[in-house]
$ cat final-v3.cif   # mmCIF, C-alpha atoms and all ligand atoms
data_final
loop_
_atom_site.label_atom_id
_atom_site.label_comp_id
_atom_site.auth_asym_id
_atom_site.auth_seq_id
_atom_site.Cartn_x
_atom_site.Cartn_y
_atom_site.Cartn_z
CA MET A 448 10.40 -27.51 -17.85
CA THR A 449 13.97 -26.44 -17.25
CA LYS A 450 14.23 -24.72 -13.91
CA ASP A 451 16.39 -24.68 -10.83
CA ILE A 452 19.47 -25.75 -12.75
CA ALA A 453 22.52 -24.76 -10.73
CA ILE A 454 25.78 -23.79 -12.38
CA THR A 455 28.26 -26.52 -11.50
CA GLY A 456 31.53 -25.13 -12.74
CA VAL A 457 33.35 -22.25 -14.44
CA THR A 458 36.77 -22.64 -16.03
CA ALA A 459 38.92 -20.15 -17.94
CA ARG A 460 42.06 -20.76 -19.97
CA ALA A 461 44.35 -18.46 -21.92
CA PHE A 462 45.72 -19.24 -25.38
CA ILE A 463 48.31 -17.19 -27.27
CA VAL A 464 47.97 -17.46 -31.05
CA PRO A 465 50.71 -16.05 -33.30
CA THR A 466 49.52 -13.74 -36.10
CA ASP A 467 50.13 -14.88 -39.70
CA GLN A 468 52.26 -11.77 -40.29
CA PRO A 469 53.45 -8.93 -38.04
CA GLU A 470 50.53 -6.52 -37.51
CA ALA A 471 50.51 -2.82 -36.65
CA ASP A 472 48.12 0.12 -36.45
CA GLY A 473 48.49 3.83 -35.74
CA THR A 474 49.65 3.34 -32.14
CA LEU A 475 50.59 -0.35 -31.52
CA SER A 476 52.28 -3.34 -33.15
CA TRP A 477 51.94 -7.04 -32.26
CA THR A 478 52.81 -10.58 -33.38
CA SER A 479 50.33 -12.62 -31.33
CA THR A 480 46.79 -12.45 -29.97
CA THR A 481 45.69 -13.76 -26.57
CA ILE A 482 42.23 -15.26 -26.24
CA ILE A 483 40.68 -16.28 -22.89
CA VAL A 484 38.16 -19.11 -23.32
CA VAL A 485 35.53 -19.61 -20.60
CA GLU A 486 33.35 -22.69 -20.17
CA VAL A 487 30.37 -22.75 -17.79
CA SER A 488 28.54 -26.00 -16.99
CA ALA A 489 25.03 -26.78 -15.75
CA GLY A 490 22.52 -29.57 -16.29
CA GLY A 491 24.96 -31.61 -18.37
CA ARG A 492 25.51 -28.80 -20.89
CA THR A 493 28.43 -26.42 -21.37
CA GLY A 494 28.28 -22.78 -22.41
CA LEU A 495 31.22 -21.16 -24.19
CA GLY A 496 32.43 -17.58 -23.99
CA TYR A 497 35.68 -15.77 -24.74
CA THR A 498 37.45 -12.46 -24.68
CA TYR A 499 40.65 -11.11 -26.20
CA ALA A 500 42.72 -9.84 -23.30
CA ASP A 501 45.58 -10.85 -20.99
CA PRO A 502 46.10 -14.24 -19.28
CA ALA A 503 45.43 -12.33 -16.02
CA VAL A 504 41.73 -12.49 -16.97
CA ALA A 505 41.84 -16.31 -16.66
CA THR A 506 43.38 -15.95 -13.19
CA LEU A 507 40.63 -13.52 -12.16
CA ILE A 508 37.88 -15.84 -13.42
CA ASN A 509 39.32 -19.07 -11.96
CA GLY A 510 40.23 -17.47 -8.63
CA LYS A 511 37.34 -15.09 -7.94
CA LEU A 512 34.52 -14.64 -10.45
CA GLY A 513 33.94 -18.29 -11.39
CA PRO A 514 33.45 -19.50 -7.80
CA LEU A 515 30.96 -16.64 -7.24
CA VAL A 516 28.78 -17.81 -10.13
CA THR A 517 29.04 -21.50 -9.26
CA GLY A 518 25.82 -22.63 -7.59
CA ALA A 519 23.77 -19.78 -9.08
CA GLU A 520 20.68 -20.45 -11.21
CA ALA A 521 21.71 -20.95 -14.85
CA MET A 522 18.49 -19.47 -16.26
CA ASP A 523 18.91 -16.14 -14.43
CA VAL A 524 21.73 -14.69 -16.52
CA ARG A 525 21.12 -11.09 -15.50
CA ARG A 526 21.11 -11.98 -11.83
CA ALA A 527 24.58 -13.54 -12.19
CA TRP A 528 25.70 -10.47 -14.14
CA VAL A 529 24.44 -8.11 -11.43
CA MET A 530 26.21 -10.17 -8.78
CA LEU A 531 29.50 -10.15 -10.71
CA ARG A 532 29.33 -6.39 -11.24
CA GLY A 533 28.73 -5.88 -7.55
CA ALA A 534 31.61 -8.15 -6.57
CA VAL A 535 34.27 -6.25 -8.58
CA ARG A 536 33.62 -2.82 -7.03
CA ASN A 537 37.05 -2.62 -5.43
CA LEU A 538 38.87 -4.00 -8.50
CA GLY A 539 37.57 -1.33 -10.87
CA ARG A 540 34.82 -2.24 -13.32
CA SER A 541 36.64 -1.37 -16.56
CA GLY A 542 39.35 -3.04 -18.61
CA LEU A 543 40.34 -6.60 -17.75
CA VAL A 544 37.55 -6.91 -15.16
CA ALA A 545 34.81 -5.98 -17.66
CA SER A 546 36.41 -8.37 -20.18
CA ALA A 547 36.29 -11.19 -17.61
CA ILE A 548 32.61 -10.50 -16.89
CA ALA A 549 31.99 -10.35 -20.66
CA ALA A 550 33.42 -13.83 -21.23
CA ILE A 551 31.39 -15.31 -18.35
CA ASP A 552 28.16 -13.54 -19.38
CA THR A 553 28.49 -14.71 -22.98
CA ALA A 554 29.09 -18.28 -21.80
CA LEU A 555 26.00 -18.01 -19.55
CA TRP A 556 23.79 -16.89 -22.47
CA ASP A 557 25.14 -19.72 -24.61
CA LEU A 558 24.54 -22.17 -21.75
CA LYS A 559 20.95 -21.02 -21.23
CA ALA A 560 20.18 -21.39 -24.94
CA ARG A 561 21.72 -24.89 -24.98
CA LEU A 562 19.74 -25.91 -21.89
CA LEU A 563 16.58 -24.80 -23.70
CA ASP A 564 17.84 -26.41 -26.92
CA LEU A 565 17.39 -23.14 -28.80
CA PRO A 566 19.71 -21.12 -31.02
CA LEU A 567 20.79 -18.08 -29.00
CA ALA A 568 19.33 -15.72 -31.63
CA ALA A 569 15.92 -17.33 -31.07
CA LEU A 570 16.24 -17.07 -27.28
CA LEU A 571 17.10 -13.36 -27.57
CA GLY A 572 14.48 -12.78 -30.29
CA ARG A 573 15.63 -11.80 -33.76
CA ALA A 574 15.17 -8.40 -35.35
CA ARG A 575 16.94 -9.70 -38.49
CA GLU A 576 18.14 -12.98 -39.96
CA ARG A 577 21.64 -11.90 -40.98
CA VAL A 578 24.18 -9.20 -40.26
CA GLU A 579 26.31 -7.21 -42.70
CA ILE A 580 30.07 -7.51 -42.27
CA TYR A 581 32.86 -5.21 -43.40
CA GLY A 582 36.40 -6.50 -44.02
CA SER A 583 38.92 -5.12 -41.52
CA GLY A 584 42.71 -5.33 -41.37
CA GLY A 585 44.88 -3.32 -43.74
CA PHE A 586 47.64 -3.11 -41.14
CA THR A 587 50.29 -0.41 -41.43
CA SER A 588 52.92 -3.21 -41.33
CA TYR A 589 51.71 -4.54 -44.71
CA ASP A 590 53.33 -3.58 -48.00
CA ASP A 591 50.95 -2.11 -50.57
CA ARG A 592 50.59 -5.35 -52.48
CA THR A 593 49.53 -7.27 -49.33
CA LEU A 594 47.17 -4.44 -48.37
CA GLN A 595 45.55 -4.45 -51.80
CA ALA A 596 45.17 -8.24 -51.96
CA GLN A 597 43.54 -8.38 -48.53
CA LEU A 598 41.07 -5.55 -49.12
CA SER A 599 40.08 -6.65 -52.63
CA GLY A 600 39.64 -10.23 -51.36
CA TRP A 601 36.94 -9.09 -48.94
CA VAL A 602 35.12 -7.26 -51.72
CA GLU A 603 35.48 -9.86 -54.46
CA ARG A 604 35.49 -13.15 -52.49
CA ASP A 605 33.25 -12.31 -49.52
CA GLY A 606 30.98 -9.68 -51.09
CA CYS A 607 31.77 -6.99 -48.51
CA ARG A 608 30.35 -3.57 -49.33
CA ALA A 609 32.97 -1.85 -47.14
CA VAL A 610 36.55 -2.48 -45.99
CA LYS A 611 38.71 -0.82 -43.36
CA MET A 612 42.43 -0.13 -43.24
CA LYS A 613 44.73 1.16 -40.51
CA ILE A 614 46.42 4.55 -40.83
CA GLY A 615 48.54 6.83 -38.67
CA SER A 616 51.76 4.99 -37.79
CA GLU A 617 53.68 6.81 -40.57
CA PRO A 618 51.18 9.46 -41.73
CA GLU A 619 53.46 10.59 -44.57
CA ARG A 620 52.95 7.17 -46.20
CA ASP A 621 49.17 7.19 -45.79
CA PRO A 622 48.13 9.21 -48.88
CA ALA A 623 49.84 6.62 -51.14
CA ARG A 624 48.48 3.68 -49.05
CA VAL A 625 44.92 5.03 -49.10
CA ALA A 626 45.14 5.63 -52.86
CA ALA A 627 46.44 2.07 -53.37
CA ALA A 628 43.54 0.72 -51.30
CA ARG A 629 40.98 2.64 -53.35
CA ARG A 630 42.50 1.35 -56.62
CA ALA A 631 42.33 -2.23 -55.29
CA ILE A 632 38.65 -2.17 -54.27
CA GLY A 633 37.26 -0.20 -57.22
CA ASP A 634 34.70 2.58 -57.11
CA THR A 635 31.70 0.91 -55.51
CA ALA A 636 32.98 -0.50 -52.18
CA LYS A 637 33.17 1.91 -49.27
CA LEU A 638 36.60 2.62 -47.78
CA PHE A 639 36.96 3.07 -44.01
CA VAL A 640 40.09 4.21 -42.14
CA ASP A 641 41.03 3.60 -38.51
CA ALA A 642 43.71 5.78 -36.85
CA ASN A 643 43.58 4.05 -33.44
CA GLY A 644 43.93 7.42 -31.74
CA ALA A 645 47.11 8.45 -33.58
CA PHE A 646 46.17 12.06 -34.41
CA THR A 647 45.48 15.40 -32.79
CA PRO A 648 42.06 16.83 -33.71
CA ARG A 649 43.63 19.18 -36.31
CA GLU A 650 45.70 16.40 -37.91
CA ALA A 651 42.61 14.18 -37.97
CA LEU A 652 40.57 16.86 -39.73
CA HIS A 653 43.35 17.39 -42.27
CA TYR A 654 43.39 13.68 -43.16
CA ALA A 655 39.60 13.31 -43.03
CA HIS A 656 39.19 16.05 -45.65
CA LEU A 657 42.19 14.89 -47.72
CA PHE A 658 41.06 11.25 -47.90
CA ALA A 659 37.42 12.20 -48.46
CA GLU A 660 38.53 14.21 -51.49
CA THR A 661 41.11 11.78 -52.91
CA ALA A 662 39.61 8.38 -51.99
CA ASP A 663 35.99 9.05 -50.93
CA ILE A 664 36.47 7.56 -47.42
CA ARG A 665 33.16 7.16 -45.56
CA TRP A 666 34.27 6.30 -41.99
CA MET A 667 37.09 7.51 -39.76
CA GLU A 668 37.55 5.50 -36.59
CA GLU A 669 39.30 6.79 -33.48
CA PRO A 670 40.77 9.80 -35.31
CA VAL A 671 41.98 10.90 -31.87
CA SER A 672 42.30 8.96 -28.62
CA SER A 673 38.99 7.64 -27.32
CA ASP A 674 40.02 9.13 -23.96
CA ASP A 675 39.62 12.57 -25.61
CA LEU A 676 35.85 12.73 -26.04
CA THR A 677 35.95 16.50 -26.61
CA GLY A 678 38.56 15.98 -29.33
CA LEU A 679 36.36 13.34 -30.99
CA ALA A 680 33.40 15.74 -30.86
CA VAL A 681 35.51 18.51 -32.45
CA VAL A 682 36.51 16.19 -35.31
CA ARG A 683 32.95 14.95 -35.76
CA ALA A 684 31.53 18.48 -35.92
CA ALA A 685 33.98 19.59 -38.65
CA ALA A 686 34.42 16.34 -40.60
CA PRO A 687 33.30 16.13 -44.25
CA PRO A 688 29.54 15.40 -44.31
CA ARG A 689 29.96 11.93 -45.83
CA VAL A 690 32.65 10.79 -43.36
CA GLU A 691 31.17 9.20 -40.24
CA ILE A 692 33.21 9.35 -37.05
CA ALA A 693 33.21 6.10 -35.07
CA ALA A 694 34.65 4.93 -31.76
CA GLY A 695 33.68 2.75 -28.84
CA GLU A 696 35.97 -0.28 -28.82
CA TYR A 697 37.02 0.71 -25.29
CA VAL A 698 33.46 1.01 -24.00
CA TYR A 699 33.55 -1.32 -20.99
CA THR A 700 30.50 -0.12 -19.08
CA GLU A 701 27.23 1.60 -19.92
CA ASP A 702 28.69 4.76 -18.36
CA ASP A 703 31.46 4.76 -20.98
CA ALA A 704 28.81 4.61 -23.72
CA ARG A 705 26.61 7.19 -21.99
CA THR A 706 29.41 9.78 -21.80
CA MET A 707 30.49 9.09 -25.39
CA LEU A 708 26.93 9.61 -26.62
CA ALA A 709 26.28 12.62 -24.39
CA THR A 710 29.46 14.31 -25.69
CA GLU A 711 28.23 13.88 -29.29
CA ALA A 712 31.59 12.23 -29.93
CA VAL A 713 30.50 9.70 -32.58
CA ASP A 714 28.13 9.20 -35.50
CA VAL A 715 28.19 5.43 -35.03
CA GLN A 716 28.68 3.87 -31.59
CA GLN A 717 31.06 0.93 -31.70
CA VAL A 718 30.79 -1.70 -29.01
CA ASP A 719 32.63 -4.96 -28.33
CA VAL A 720 30.75 -7.85 -26.70
CA THR A 721 34.07 -9.26 -25.44
CA ARG A 722 34.71 -6.07 -23.44
CA CYS A 723 31.38 -4.46 -22.53
CA GLU A 724 30.38 -6.98 -19.85
CA GLY A 725 29.01 -9.41 -22.43
CA ILE A 726 25.69 -9.82 -24.19
CA THR A 727 23.77 -8.40 -21.23
CA GLY A 728 25.90 -5.24 -21.39
CA LEU A 729 25.70 -5.10 -25.19
CA LEU A 730 21.89 -5.19 -25.19
CA ASP A 731 21.72 -2.40 -22.59
CA ILE A 732 24.20 -0.22 -24.48
CA ALA A 733 22.42 -0.85 -27.79
CA ALA A 734 19.13 0.32 -26.26
CA MET A 735 20.78 3.47 -24.92
CA THR A 736 22.44 4.11 -28.29
CA ALA A 737 19.10 3.74 -30.09
CA ALA A 738 17.63 6.30 -27.68
CA HIS A 739 20.32 8.69 -29.00
CA HIS A 740 19.28 7.92 -32.62
CA ARG A 741 22.60 6.30 -33.41
CA ASP A 742 23.48 2.90 -34.87
CA VAL A 743 25.69 0.35 -33.15
CA SER A 744 28.57 -1.34 -34.97
CA GLY A 745 30.22 -4.46 -33.53
CA HIS A 746 33.97 -4.32 -32.91
CA CYS A 747 35.93 -7.53 -33.71
CA ALA A 748 35.05 -11.11 -32.58
CA PRO A 749 32.34 -11.47 -35.27
CA ALA A 750 31.36 -15.06 -34.40
CA LEU A 751 30.63 -14.11 -30.80
CA HIS A 752 28.61 -11.01 -31.71
CA LEU A 753 26.49 -12.65 -34.36
CA HIS A 754 23.45 -13.97 -32.47
CA ALA A 755 23.12 -10.89 -30.26
CA ALA A 756 23.58 -8.62 -33.28
CA CYS A 757 20.54 -10.25 -34.87
CA ALA A 758 18.49 -9.22 -31.81
CA ILE A 759 19.45 -5.51 -31.95
CA GLU A 760 17.27 -3.19 -34.03
CA ARG A 761 19.84 -0.54 -34.96
CA PHE A 762 22.80 -2.84 -35.61
CA ARG A 763 24.73 -1.38 -38.57
CA HIS A 764 27.39 -4.01 -39.18
CA LEU A 765 30.05 -6.29 -37.75
CA GLU A 766 33.79 -5.93 -38.13
CA TRP A 767 35.15 -8.94 -40.04
CA PHE A 768 38.58 -8.49 -38.40
CA HIS A 769 41.34 -10.49 -40.08
CA ASP A 770 43.02 -11.61 -36.85
CA HIS A 771 39.85 -12.72 -35.07
CA VAL A 772 38.25 -14.34 -38.13
CA ARG A 773 41.39 -16.45 -38.44
CA ILE A 774 41.39 -17.42 -34.74
CA GLU A 775 37.63 -18.11 -34.63
CA HIS A 776 37.92 -20.47 -37.58
CA MET A 777 41.02 -22.15 -36.11
CA LEU A 778 39.65 -22.71 -32.60
CA PHE A 779 35.87 -23.09 -33.03
CA ASP A 780 33.75 -25.41 -35.12
CA GLY A 781 30.69 -23.56 -36.41
CA ALA A 782 32.36 -20.17 -36.97
CA PRO A 783 30.29 -18.25 -39.57
CA VAL A 784 31.26 -18.02 -43.25
CA PRO A 785 30.36 -14.88 -45.25
CA GLN A 786 27.76 -14.99 -48.00
CA HIS A 787 27.38 -11.91 -50.18
CA GLY A 788 28.79 -9.67 -47.45
CA PHE A 789 26.62 -11.03 -44.63
CA ILE A 790 26.88 -13.69 -41.93
CA ALA A 791 23.91 -15.50 -40.43
CA PRO A 792 23.41 -17.69 -37.36
CA ASP A 793 23.04 -21.40 -38.02
CA MET A 794 19.53 -21.88 -36.60
CA SER A 795 19.96 -25.68 -36.60
CA ARG A 796 22.53 -25.49 -33.76
CA PRO A 797 21.77 -24.68 -30.11
CA GLY A 798 23.41 -21.72 -28.36
CA HIS A 799 25.72 -19.55 -30.47
CA GLY A 800 26.64 -22.68 -32.38
CA LEU A 801 30.38 -22.57 -31.62
CA GLU A 802 32.23 -25.67 -30.38
CA PHE A 803 35.69 -25.22 -28.88
CA LYS A 804 38.40 -27.43 -30.44
CA HIS A 805 40.07 -28.32 -27.13
CA GLN A 806 42.71 -30.60 -28.53
CA LEU A 807 43.80 -28.29 -31.32
CA ALA A 808 43.95 -25.31 -28.92
CA GLU A 809 46.42 -27.08 -26.59
CA ARG A 810 49.39 -26.08 -28.72
CA TYR A 811 48.59 -22.41 -27.99
CA ALA A 812 48.04 -22.82 -24.22
CA ALA A 813 49.60 -19.90 -22.30
MG MG A 901 39.53 0.27 -34.18
#

$ encode --input "final-v3.cif" --output "structure tokens"
Amino acid sequence: MTKDIAITGVTARAFIVPTDQPEADGTLSWTSTTIIVVEVSAGGRTGLGYTYADPAVATLINGKLGPLVTGAEAMDVRRAWVMLRGAVRNLGRSGLVASAIAAIDTALWDLKARLLDLPLAALLGRARERVEIYGSGGFTSYDDRTLQAQLSGWVERDGCRAVKMKIGSEPERDPARVAAARRAIGDTAKLFVDANGAFTPREALHYAHLFAETADIRWMEEPVSSDDLTGLAVVRAAAPPRVEIAAGEYVYTEDDARTMLATEAVDVQQVDVTRCEGITGLLDIAAMTAAHHRDVSGHCAPALHLHAACAIERFRHLEWFHDHVRIEHMLFDGAPVPQHGFIAPDMSRPGHGLEFKHQLAERYAA
């Protein structure tokens, strides 16, 4: 029986991967994505975790959080998580710190599953065998032809039943962009829009009603800043009945989710395993969300969410985000491939099934 296996080492490294084209949303633009890869060793096995953040996260893990976990019992993932959360009190629990804990926690879950020679989904206990994905990208930096090709590709090639595009950086262009997107995906696929907090509540309501009428949108994400929970609640209360309001990509702690749910700010609670203190945090937040009779939707990093998503009862879908899908397939063997709009864990591989391509990643080392 596997017991008393001490963690022998924790390492974190940052990699900066250029995007394939310039990308922009309602409030930011970027040309590269930084991923922090964490490896945790015990009993001759290595667990892998990652987060999308700043290279400072690698410094925090290598200098402070990794040494704290080293020597701890590898089987007791929650105990390590509790210790890490306690240790960061004076650093602030949110933001980069929560992302660092997330990457370590995910690596610890992967490590435990590998030590037990089980797929992580089996260790957590599955509620389902596969998870629906929706295509996500549609950056405001794209011309209409690029936008249309990307969105229709997810519907036609990958079988997605929904796709999401960015809006809000030049709102006057959005009616034509949204119409072009609807033409590209046909009548049956659902169209989602994400404003990344670009609007005031009144602007958001104007566009929610306009795009519901002209393009039958079914989801409006971060219509206003996620810092404005009252504003989100105002939009949600007056949105068209078929347009769900979603937010939660900046939920770092269970308190962030609790206040978002208590404010009635969202119809669907988004959560990101690379930010919300990892799989341990994700499972806690999912349970709290279910107690509020809401579904959870996974934000970005689909390969890392997959096994945990299978263990969550009210898991609506995963965001098949262009940028992260590309990076996950570049840097990790075993990244999932869509089938008829779903991805499923490979139950023949231990852990989350991802293997880091160390040599290939070197060229992107920060
Ligand atoms: Mg978003």

$ closest_residue --input "final-v3.cif" --among "A:Ser599, A:Leu555, A:Thr498, A:Glu760" --to "A:Val457" --atoms "only C-alpha atoms"
A:Leu555

$ atom_distance --input "final-v3.cif" --atom1 "atom CA of A:Glu669" --atom2 "atom CA of A:Phe646"
8.7 Å

$ closest_atom_pairs --input "final-v3.cif" --of "chain A" --to "ligand MG 901 (chain A)" --cutoff "10 Å" --atoms "only C-alpha atoms and all ligand atoms" --output "CSV"
residue,atom,partner,partner_atom,distance
A:Asp472,CA,A:MG901,MG,8.9
A:Gly473,CA,A:MG901,MG,9.8
A:Ser583,CA,A:MG901,MG,9.1
A:Gly584,CA,A:MG901,MG,9.7
A:Lys611,CA,A:MG901,MG,9.3
A:Met612,CA,A:MG901,MG,9.5
A:Lys613,CA,A:MG901,MG,8.2
A:Val640,CA,A:MG901,MG,8.9
A:Asp641,CA,A:MG901,MG,5.7
A:Ala642,CA,A:MG901,MG,7.4
A:Asn643,CA,A:MG901,MG,5.6
A:Gly644,CA,A:MG901,MG,8.7
A:Met667,CA,A:MG901,MG,9.5
A:Glu668,CA,A:MG901,MG,6.1
A:Glu669,CA,A:MG901,MG,6.6
A:Pro670,CA,A:MG901,MG,9.7
A:Ala693,CA,A:MG901,MG,8.6
A:Ala694,CA,A:MG901,MG,7.2
A:Gly695,CA,A:MG901,MG,8.3
A:Glu696,CA,A:MG901,MG,6.5
A:Tyr697,CA,A:MG901,MG,9.2
A:Gln717,CA,A:MG901,MG,8.9
A:His746,CA,A:MG901,MG,7.3
A:Cys747,CA,A:MG901,MG,8.6
A:Glu766,CA,A:MG901,MG,9.3
A:Phe768,CA,A:MG901,MG,9.8

$ atom_distance --input "final-v3.cif" --atom1 "atom CA of A:Ser546" --atom2 "atom CA of A:Ala755"
16.9 Å

$ closest_residue --input "final-v3.cif" --among "A:Thr593, A:Ile452, A:Ala550, A:Val535" --to "A:Ala519" --atoms "all atoms listed in the file"
A:Ile452

$ atom_distance --input "final-v3.cif" --atom1 "atom CA of A:Ala782" --atom2 "atom CA of A:Arg796"
11.6 Å
